[in-house]
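Next comes my_file05.txt, with compact mmCIF, C-alpha atoms and all ligand atoms.
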# COMPACT_ATOMS: atom_id res chain seq x y z
CA MET N 1 51.66 -34.84 -23.53
CA LYS N 2 48.24 -35.52 -22.09
CA TRP N 3 48.86 -33.41 -18.98
CA MET N 4 49.62 -30.33 -21.11
CA TRP N 5 46.19 -30.53 -22.66
CA MET N 6 44.68 -30.85 -19.20
CA VAL N 7 46.42 -27.69 -18.00
CA ALA N 8 45.28 -25.79 -21.09
CA LEU N 9 41.70 -26.94 -20.56
CA VAL N 10 41.62 -25.98 -16.88
CA ALA N 11 43.00 -22.55 -17.71
CA LEU N 12 40.36 -22.08 -20.37
CA VAL N 13 37.46 -23.13 -18.11
CA GLY N 14 38.72 -20.94 -15.29
CA CYS N 15 38.92 -17.99 -17.62
CA LYS N 16 35.41 -18.58 -18.96
CA SER N 17 33.71 -18.76 -15.59
CA GLU N 18 35.41 -15.55 -14.49
CA ASN N 19 33.91 -13.77 -17.47
CA LYS N 20 30.56 -15.29 -16.68
CA ALA N 21 29.98 -14.08 -13.15
CA PRO N 22 32.18 -11.73 -11.19
CA ALA N 23 31.92 -12.87 -7.57
CA SER N 24 31.20 -9.35 -6.35
CA ALA N 25 27.98 -8.83 -8.35
CA GLU N 26 24.82 -8.59 -6.22
CA ALA N 27 22.07 -10.96 -7.31
CA GLY N 28 19.02 -9.12 -8.49
CA ALA N 29 20.89 -5.85 -9.02
CA PRO N 30 20.31 -4.11 -12.36
CA GLY N 31 22.53 -5.68 -15.00
CA ALA N 32 23.36 -8.78 -12.92
CA PRO N 33 24.74 -11.56 -15.11
CA ALA N 34 22.04 -13.96 -16.27
CA ALA N 35 23.95 -17.09 -15.31
CA GLN N 36 24.06 -16.11 -11.64
CA LYS N 37 21.48 -17.57 -9.27
CA LYS N 38 18.44 -15.32 -9.36
CA LEU N 39 17.28 -13.62 -6.18
CA SER N 40 13.99 -15.24 -5.22
CA VAL N 41 11.36 -13.18 -3.43
CA GLY N 42 7.88 -14.21 -2.28
CA PHE N 43 5.27 -11.45 -2.39
CA SER N 44 1.99 -11.94 -0.56
CA GLN N 45 -0.46 -9.31 -1.74
CA VAL N 46 -3.81 -8.42 -0.11
CA GLY N 47 -5.85 -8.70 -3.31
CA ALA N 48 -7.09 -6.34 -6.00
CA GLU N 49 -9.74 -4.40 -4.07
CA SER N 50 -8.75 -0.92 -5.27
CA ALA N 51 -6.97 1.02 -8.00
CA TRP N 52 -4.28 1.80 -5.43
CA ARG N 53 -3.67 -1.90 -4.81
CA THR N 54 -3.37 -2.64 -8.53
CA ALA N 55 -0.84 0.16 -8.91
CA GLU N 56 1.23 -1.27 -6.05
CA THR N 57 1.16 -4.77 -7.54
CA GLN N 58 2.27 -3.45 -10.93
CA SER N 59 5.06 -1.43 -9.38
CA ILE N 60 6.51 -4.39 -7.45
CA ARG N 61 6.07 -6.88 -10.30
CA GLY N 62 7.50 -4.48 -12.87
CA GLU N 63 10.55 -3.71 -10.77
CA ALA N 64 11.19 -7.43 -10.12
CA GLU N 65 11.12 -8.08 -13.83
CA LYS N 66 13.46 -5.18 -14.53
CA ARG N 67 16.00 -6.49 -12.03
CA GLY N 68 15.72 -10.16 -13.04
CA VAL N 69 14.29 -11.18 -9.66
CA ASP N 70 12.35 -14.44 -9.47
CA LEU N 71 9.15 -13.08 -7.89
CA LYS N 72 6.65 -15.55 -6.51
CA PHE N 73 3.37 -13.64 -6.40
CA ALA N 74 0.38 -14.74 -4.31
CA ASP N 75 -2.95 -12.88 -4.31
CA ALA N 76 -4.77 -13.54 -1.01
CA GLN N 77 -8.16 -12.26 -2.16
CA GLY N 78 -8.49 -10.28 1.04
CA LYS N 79 -8.05 -13.30 3.32
CA GLN N 80 -5.42 -13.50 6.03
CA ALA N 81 -5.61 -17.33 6.03
CA GLN N 82 -4.47 -17.33 2.40
CA GLN N 83 -1.59 -15.00 3.24
CA ILE N 84 -0.43 -17.31 6.02
CA GLN N 85 -0.59 -20.22 3.60
CA ALA N 86 1.45 -18.29 1.02
CA LEU N 87 4.08 -17.38 3.60
CA THR N 88 4.33 -21.00 4.76
CA SER N 89 4.93 -22.05 1.17
CA PHE N 90 7.56 -19.29 0.60
CA ILE N 91 9.40 -20.51 3.70
CA ALA N 92 9.30 -24.11 2.44
CA GLN N 93 10.70 -22.93 -0.91
CA LYS N 94 13.54 -21.18 0.96
CA VAL N 95 13.06 -17.82 -0.78
CA ASP N 96 15.73 -15.15 -0.15
CA ALA N 97 13.18 -12.61 1.16
CA ILE N 98 9.45 -12.19 1.79
CA VAL N 99 7.44 -9.10 0.96
CA LEU N 100 4.15 -8.95 2.85
CA ALA N 101 1.28 -6.48 2.44
CA PRO N 102 -0.73 -7.65 5.46
CA VAL N 103 -4.50 -7.51 5.16
CA VAL N 104 -5.00 -6.99 8.92
CA GLU N 105 -2.77 -5.92 11.83
CA THR N 106 -2.92 -8.92 14.15
CA GLY N 107 -2.40 -12.68 13.95
CA TRP N 108 1.08 -12.80 12.41
CA ASP N 109 3.27 -14.01 15.29
CA VAL N 110 3.38 -17.73 14.47
CA VAL N 111 4.11 -17.57 10.75
CA LEU N 112 6.61 -14.73 11.12
CA SER N 113 8.45 -16.68 13.83
CA GLN N 114 8.81 -19.49 11.30
CA ALA N 115 10.27 -17.06 8.75
CA LYS N 116 12.68 -15.75 11.37
CA GLN N 117 13.78 -19.27 12.28
CA ALA N 118 14.45 -19.93 8.60
CA ASN N 119 16.49 -16.70 8.48
CA ILE N 120 14.28 -15.12 5.82
CA PRO N 121 13.94 -11.35 6.10
CA VAL N 122 10.35 -10.04 5.96
CA ILE N 123 9.69 -6.64 4.42
CA LEU N 124 6.24 -5.26 5.22
CA VAL N 125 4.77 -3.02 2.57
CA ASP N 126 2.03 -0.41 2.91
CA ARG N 127 0.38 -1.75 6.09
CA GLY N 128 1.80 -2.24 9.55
CA ILE N 129 1.20 -5.09 11.98
CA LYS N 130 1.04 -5.63 15.72
CA VAL N 131 3.38 -8.36 16.95
CA THR N 132 4.72 -9.12 20.42
CA ASP N 133 8.30 -9.13 19.09
CA ASP N 134 9.28 -6.42 16.60
CA SER N 135 12.26 -8.44 15.39
CA LEU N 136 9.78 -10.68 13.54
CA TYR N 137 9.95 -8.29 10.61
CA THR N 138 12.83 -6.32 9.17
CA THR N 139 11.16 -3.09 8.16
CA LEU N 140 7.88 -1.45 7.15
CA ILE N 141 7.75 0.67 3.98
CA ALA N 142 4.54 2.71 4.16
CA SER N 143 2.78 6.02 4.61
CA ASP N 144 1.81 7.44 7.98
CA PHE N 145 -1.94 6.76 7.97
CA VAL N 146 -2.62 8.67 11.20
CA GLU N 147 -1.08 11.73 9.55
CA GLU N 148 -3.23 11.18 6.44
CA GLY N 149 -6.35 11.16 8.64
CA ARG N 150 -5.22 14.37 10.35
CA MET N 151 -4.59 16.06 7.00
CA ALA N 152 -8.06 15.11 5.75
CA ALA N 153 -9.73 16.45 8.92
CA GLU N 154 -7.75 19.71 8.97
CA TRP N 155 -8.69 20.34 5.37
CA LEU N 156 -12.36 19.54 6.04
CA ALA N 157 -12.45 21.79 9.11
CA LYS N 158 -11.09 24.68 7.06
CA GLN N 159 -13.45 24.01 4.18
CA THR N 160 -16.58 23.83 6.37
CA ASN N 161 -15.61 26.45 8.96
CA GLY N 162 -15.51 23.67 11.51
CA LYS N 163 -19.16 22.75 11.12
CA ALA N 164 -20.61 19.76 9.25
CA ASN N 165 -22.34 16.40 9.61
CA VAL N 166 -19.73 13.92 8.43
CA TYR N 167 -20.42 10.40 7.14
CA GLU N 168 -17.43 8.11 7.23
CA LEU N 169 -16.67 5.13 4.99
CA GLN N 170 -14.07 3.00 6.70
CA GLY N 171 -11.59 0.67 5.07
CA THR N 172 -11.34 -3.05 5.80
CA THR N 173 -12.04 -3.81 9.46
CA GLY N 174 -8.82 -4.49 11.34
CA ALA N 175 -6.56 -3.10 8.59
CA ALA N 176 -3.94 -0.57 9.64
CA PRO N 177 -5.05 2.14 7.16
CA ALA N 178 -8.67 1.86 8.37
CA ILE N 179 -7.71 2.03 12.05
CA ASP N 180 -5.17 4.84 11.66
CA ARG N 181 -7.02 7.01 9.15
CA LYS N 182 -9.95 7.01 11.56
CA LYS N 183 -7.71 7.72 14.54
CA GLY N 184 -5.95 10.72 12.96
CA PHE N 185 -9.23 12.14 11.66
CA GLU N 186 -10.97 11.88 15.05
CA GLU N 187 -7.98 13.35 16.83
CA VAL N 188 -8.39 16.58 14.85
CA LEU N 189 -12.19 16.54 15.05
CA ALA N 190 -11.90 16.71 18.83
CA LYS N 191 -10.87 20.37 18.35
CA TYR N 192 -14.05 21.16 16.39
CA PRO N 193 -17.17 20.30 18.41
CA GLU N 194 -19.50 21.11 15.53
CA LEU N 195 -17.67 18.96 13.01
CA LYS N 196 -18.86 15.50 13.86
CA ILE N 197 -19.08 11.99 12.49
CA VAL N 198 -22.76 11.11 12.42
CA LYS N 199 -22.42 7.62 10.95
CA SER N 200 -19.41 5.46 10.23
CA GLN N 201 -19.28 2.05 8.58
CA SER N 202 -16.81 -0.21 6.81
CA ALA N 203 -17.08 -0.47 3.03
CA ASP N 204 -14.03 -2.70 2.69
CA PHE N 205 -12.01 -0.31 0.48
CA THR N 206 -14.12 -1.15 -2.60
CA ARG N 207 -16.16 1.02 -4.93
CA ALA N 208 -19.16 -1.34 -4.92
CA LYS N 209 -19.41 -1.38 -1.11
CA GLY N 210 -18.78 2.36 -0.93
CA LYS N 211 -21.85 2.87 -3.10
CA GLU N 212 -23.90 0.37 -1.12
CA VAL N 213 -23.10 1.88 2.30
CA MET N 214 -23.66 5.42 1.00
CA GLU N 215 -27.07 4.39 -0.36
CA ALA N 216 -28.01 3.18 3.13
CA PHE N 217 -26.78 6.47 4.68
CA ILE N 218 -28.84 8.45 2.16
CA LYS N 219 -31.90 6.35 2.82
CA SER N 220 -31.77 6.96 6.57
CA ASP N 221 -30.32 10.48 6.78
CA GLY N 222 -30.85 12.10 3.35
CA GLN N 223 -30.32 15.87 3.35
CA GLN N 224 -28.56 15.83 6.72
CA ILE N 225 -25.46 14.55 4.93
CA GLN N 226 -23.05 17.45 4.48
CA ALA N 227 -19.70 15.75 4.15
CA VAL N 228 -18.25 12.34 3.33
CA TYR N 229 -14.86 11.12 4.51
CA ALA N 230 -13.80 7.91 2.75
CA HIS N 231 -10.67 6.00 3.76
CA ASN N 232 -9.86 5.49 0.07
CA ASP N 233 -10.73 6.93 -3.34
CA ASP N 234 -12.56 3.85 -4.59
CA MET N 235 -15.13 4.06 -1.78
CA ALA N 236 -15.49 7.81 -2.39
CA LEU N 237 -16.14 7.18 -6.09
CA GLY N 238 -18.85 4.67 -5.19
CA ALA N 239 -20.35 7.16 -2.73
CA ILE N 240 -20.31 9.90 -5.38
CA GLN N 241 -22.30 7.65 -7.67
CA ALA N 242 -24.85 6.96 -4.91
CA LEU N 243 -25.20 10.67 -4.12
CA GLU N 244 -25.71 11.56 -7.78
CA GLU N 245 -28.29 8.84 -8.24
CA ALA N 246 -30.18 10.28 -5.26
CA GLY N 247 -30.17 13.72 -6.92
CA MET N 248 -27.60 15.16 -4.49
CA LYS N 249 -24.54 17.15 -5.53
CA PRO N 250 -21.19 15.64 -4.47
CA GLY N 251 -18.41 18.22 -4.62
CA GLU N 252 -20.87 21.09 -4.03
CA GLY N 253 -23.80 20.33 -1.74
CA VAL N 254 -21.91 17.48 -0.14
CA THR N 255 -18.17 17.86 0.46
CA VAL N 256 -16.29 14.64 -0.34
CA ILE N 257 -12.73 13.90 0.74
CA SER N 258 -10.76 10.66 0.51
CA VAL N 259 -7.29 9.16 0.54
CA ASP N 260 -4.97 7.61 -2.13
CA GLY N 261 -4.75 10.07 -5.04
CA VAL N 262 -5.44 7.57 -7.84
CA LYS N 263 -6.20 8.65 -11.43
CA GLY N 264 -9.95 8.16 -10.95
CA ALA N 265 -9.92 10.57 -8.02
CA PHE N 266 -8.18 13.23 -10.09
CA GLU N 267 -10.74 12.76 -12.85
CA ALA N 268 -13.55 13.15 -10.30
CA MET N 269 -11.90 16.31 -8.94
CA VAL N 270 -11.55 17.77 -12.44
CA ALA N 271 -15.27 16.98 -12.94
CA GLY N 272 -15.96 18.85 -9.68
CA LYS N 273 -17.44 15.86 -7.83
CA LEU N 274 -14.63 15.07 -5.40
CA ASN N 275 -13.30 17.94 -3.29
CA ALA N 276 -9.94 16.61 -2.17
CA THR N 277 -7.74 13.56 -1.79
CA VAL N 278 -4.74 12.87 0.41
CA GLU N 279 -2.07 11.15 -1.64
CA CYS N 280 -0.71 7.77 -0.51
CA ASN N 281 2.07 6.57 -2.79
CA PRO N 282 1.73 2.94 -4.02
CA LEU N 283 4.81 2.95 -6.29
CA MET N 284 6.94 0.91 -3.93
CA GLY N 285 8.81 -1.39 -6.31
CA PRO N 286 12.21 0.38 -6.52
CA LEU N 287 12.38 1.07 -2.78
CA VAL N 288 11.34 -2.50 -1.90
CA PHE N 289 14.14 -4.12 -3.93
CA ASP N 290 16.74 -1.51 -2.90
CA THR N 291 15.85 -2.37 0.70
CA ILE N 292 16.13 -6.13 0.13
CA THR N 293 19.56 -5.62 -1.47
CA LYS N 294 20.70 -3.58 1.53
CA VAL N 295 19.39 -6.10 4.05
CA ARG N 296 21.10 -8.97 2.24
CA SER N 297 24.40 -7.17 2.24
CA GLY N 298 24.13 -6.71 6.00
CA GLU N 299 23.39 -2.99 5.89
CA LYS N 300 21.11 -1.71 8.65
CA VAL N 301 17.78 -0.25 7.52
CA GLU N 302 15.24 1.88 9.39
CA LYS N 303 12.37 0.02 11.06
CA PHE N 304 9.87 2.39 9.39
CA ILE N 305 10.69 3.73 5.94
CA LYS N 306 8.12 6.46 5.54
CA ASN N 307 6.59 7.80 2.31
CA THR N 308 5.58 11.44 2.40
CA ASP N 309 2.12 12.39 1.22
CA ARG N 310 0.49 15.57 -0.08
CA LEU N 311 -3.10 16.73 -0.26
CA PHE N 312 -4.66 17.67 -3.60
CA GLU N 313 -7.81 19.73 -4.07
CA LYS N 314 -10.19 20.01 -6.96
CA THR N 315 -8.97 23.55 -7.59
CA ASN N 316 -5.50 22.35 -8.62
CA ALA N 317 -6.40 18.88 -9.95
CA ALA N 318 -6.48 19.87 -13.62
CA GLN N 319 -2.92 21.23 -13.43
CA VAL N 320 -1.42 18.03 -12.07
CA ILE N 321 -3.58 15.26 -13.53
CA GLY N 322 -1.31 14.88 -16.56
CA SER N 323 1.71 14.11 -14.42
CA ARG N 324 0.09 11.52 -12.18
CA GLU N 325 1.73 8.11 -12.46
CA TYR N 326 -1.07 5.95 -11.06
O1 LIG R 401 -5.32 3.16 0.73
C1 LIG R 401 -6.48 1.33 -0.20
C2 LIG R 401 -6.12 -0.08 -0.29
O2 LIG R 401 -3.08 -0.36 2.39
C3 LIG R 401 -2.53 1.86 1.89
O3 LIG R 401 -5.34 -0.33 0.86
C4 LIG R 401 -3.28 0.65 1.49
C5 LIG R 401 -4.77 0.86 1.29
C6 LIG R 401 -5.17 1.88 0.24
O4 LIG R 401 -7.00 -0.96 -0.71
O5 LIG R 401 -6.96 1.86 -1.39
As structure tokens, the full file:
Amino acid sequence: MKWMWMVALVALVGCKSENKAPASAEAGAPGAPAAQKKLSVGFSQVGAESAWRTAETQSIRGEAEKRGVDLKFADAQGKQAQQIQALTSFIAQKVDAIVLAPVVETGWDVVLSQAKQANIPVILVDRGIKVTDDSLYTTLIASDFVEEGRMAAEWLAKQTNGKANVYELQGTTGAAPAIDRKKGFEEVLAKYPELKIVKSQSADFTRAKGKEVMEAFIKSDGQQIQAVYAHNDDMALGAIQALEEAGMKPGEGVTVISVDGVKGAFEAMVAGKLNATVECNPLMGPLVFDTITKVRSGEKVEKFIKNTDRLFEKTNAAQVIGSREY
């Protein structure tokens, strides 16, 4: 008699577990059964230096939550050493994937070799790196910063008839967007001998430093300043404040162009103080987790998954500001 009960029980348990988790469901996919092992992803973020960065963090965190992914988030406060520490800890925790927004381009070989040895795919977001062996990361999801720099310079050349004293606010030293936005910009400037960078300095992608560096430029060069090219909107907004405080007219007397396309930049364009911004999309969450799902299922992904960017001017800012998502 006893064995009959056993058979009935086994059948019941078997039936239950089948209902619980179909073997084919992908962990972390929308609607994945709760009882299944969650996909665990370590995300090492640069910091919170700009509105763009905050939008990117929100996008990745929000999407992880939506998909039921166990996201381990580490804010490096702008320090590569902290990012390396975070990655080492993600590897020790045996996460399923690592998402890295690298603060600078170089110095990643050792820690990424460790991730590779542990068979953990590394998805780079928004900034590229320079490594001796490209197989140390799976893919880079980002904008083409050289192209952004070119777009900014072409627009400025048109706006100024190829003639202006330009003051440049660079992003974080050694960071891909600072290096490449400068490179693309200078490449185009080479065609316009009278459009030249008079002074160029890093303001670390922050509004406070943008203001500080601009104040120093104004102090030394004053009325000579005809145009400002900032590698991000936050620095441009700081520079605008400095120019206004010095009684100068950003957006009119001084042409200001930057990169990112954050809400604050659109507001400044509507107010007539910022002339243009080249969009750089930070809303990476959905694409990041789609890519991780593909990689885990063995699908091949492109080495560079490129976002496309547009340029917005103050003349059309009011029309589009309502539809901006960040
Ligand atoms: O443009 C800037 C930020 O890496 C693309 O970093 C990103 C840049 C962005 O702090 O605002």
* Asked: Near region 108-113 of chain N, counting all atoms listed in the file, which residues have an atom at most 10 Å away, once you skip same-chain residues fewer than 5 positions from it, shown as a ChimeraX atom specification?
  -> /N:80,83-85,87-88,91,102,118-122,129-137
Find the residues of region 266-305 of chain N that sit at most 10 Å from region 47-58 of chain N; for each, write down the nearest two atoms and how far apart they are in Å, to one decimal. Count all atoms listed in the file. Sort by chain, then by number going up, and give it as a tab-separated table.
residue	atom	partner	partner_atom	distance
N:Cys280	CA	N:Trp52	CA	8.5
N:Asn281	CA	N:Trp52	CA	8.4
N:Pro282	CA	N:Glu56	CA	4.7
N:Leu283	CA	N:Glu56	CA	5.5
N:Met284	CA	N:Glu56	CA	6.5
N:Gly285	CA	N:Glu56	CA	7.6
Generate the output file for the selected residues, C-alpha atoms, as a PDB file, in the coordinates of the input.
ATOM      1  CA  CYS N 280      -0.710   7.770  -0.510  1.00  0.00           C
ATOM      2  CA  ASN N 281       2.070   6.570  -2.790  1.00  0.00           C
ATOM      3  CA  PRO N 282       1.730   2.940  -4.020  1.00  0.00           C
ATOM      4  CA  LEU N 283       4.810   2.950  -6.290  1.00  0.00           C
ATOM      5  CA  MET N 284       6.940   0.910  -3.930  1.00  0.00           C
ATOM      6  CA  GLY N 285       8.810  -1.390  -6.310  1.00  0.00           C
TER       7      GLY N 285
END
Could you put an axis-aligned box around every listed atom of ligand LIG 401 (chain R), padded by 4 Å on each side, and send me its centre and edge lengths in Å to one decimal, as JSON?
{"center_x": -4.8, "center_y": 1.1, "center_z": 0.5, "size_x": 12.5, "size_y": 12.1, "size_z": 11.8}
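Here the question is which of N:Gly42, N:Gly62, N:Pro177, N:Gly272 gets nearest to ligand LIG 401 (chain R) using all atoms listed in the file, and that residue is N:Pro177.
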* Asked: So which residues are near ligand LIG 401 (chain R), meaning at most 10 Å away with only C-alpha atoms and all ligand atoms counted, given back as a PyMOL selection string?
  -> chain N and resi 46-56+78+101-104+125-128+142-145+171-172+175-178+181+204-207+230-235+258-262+278-282
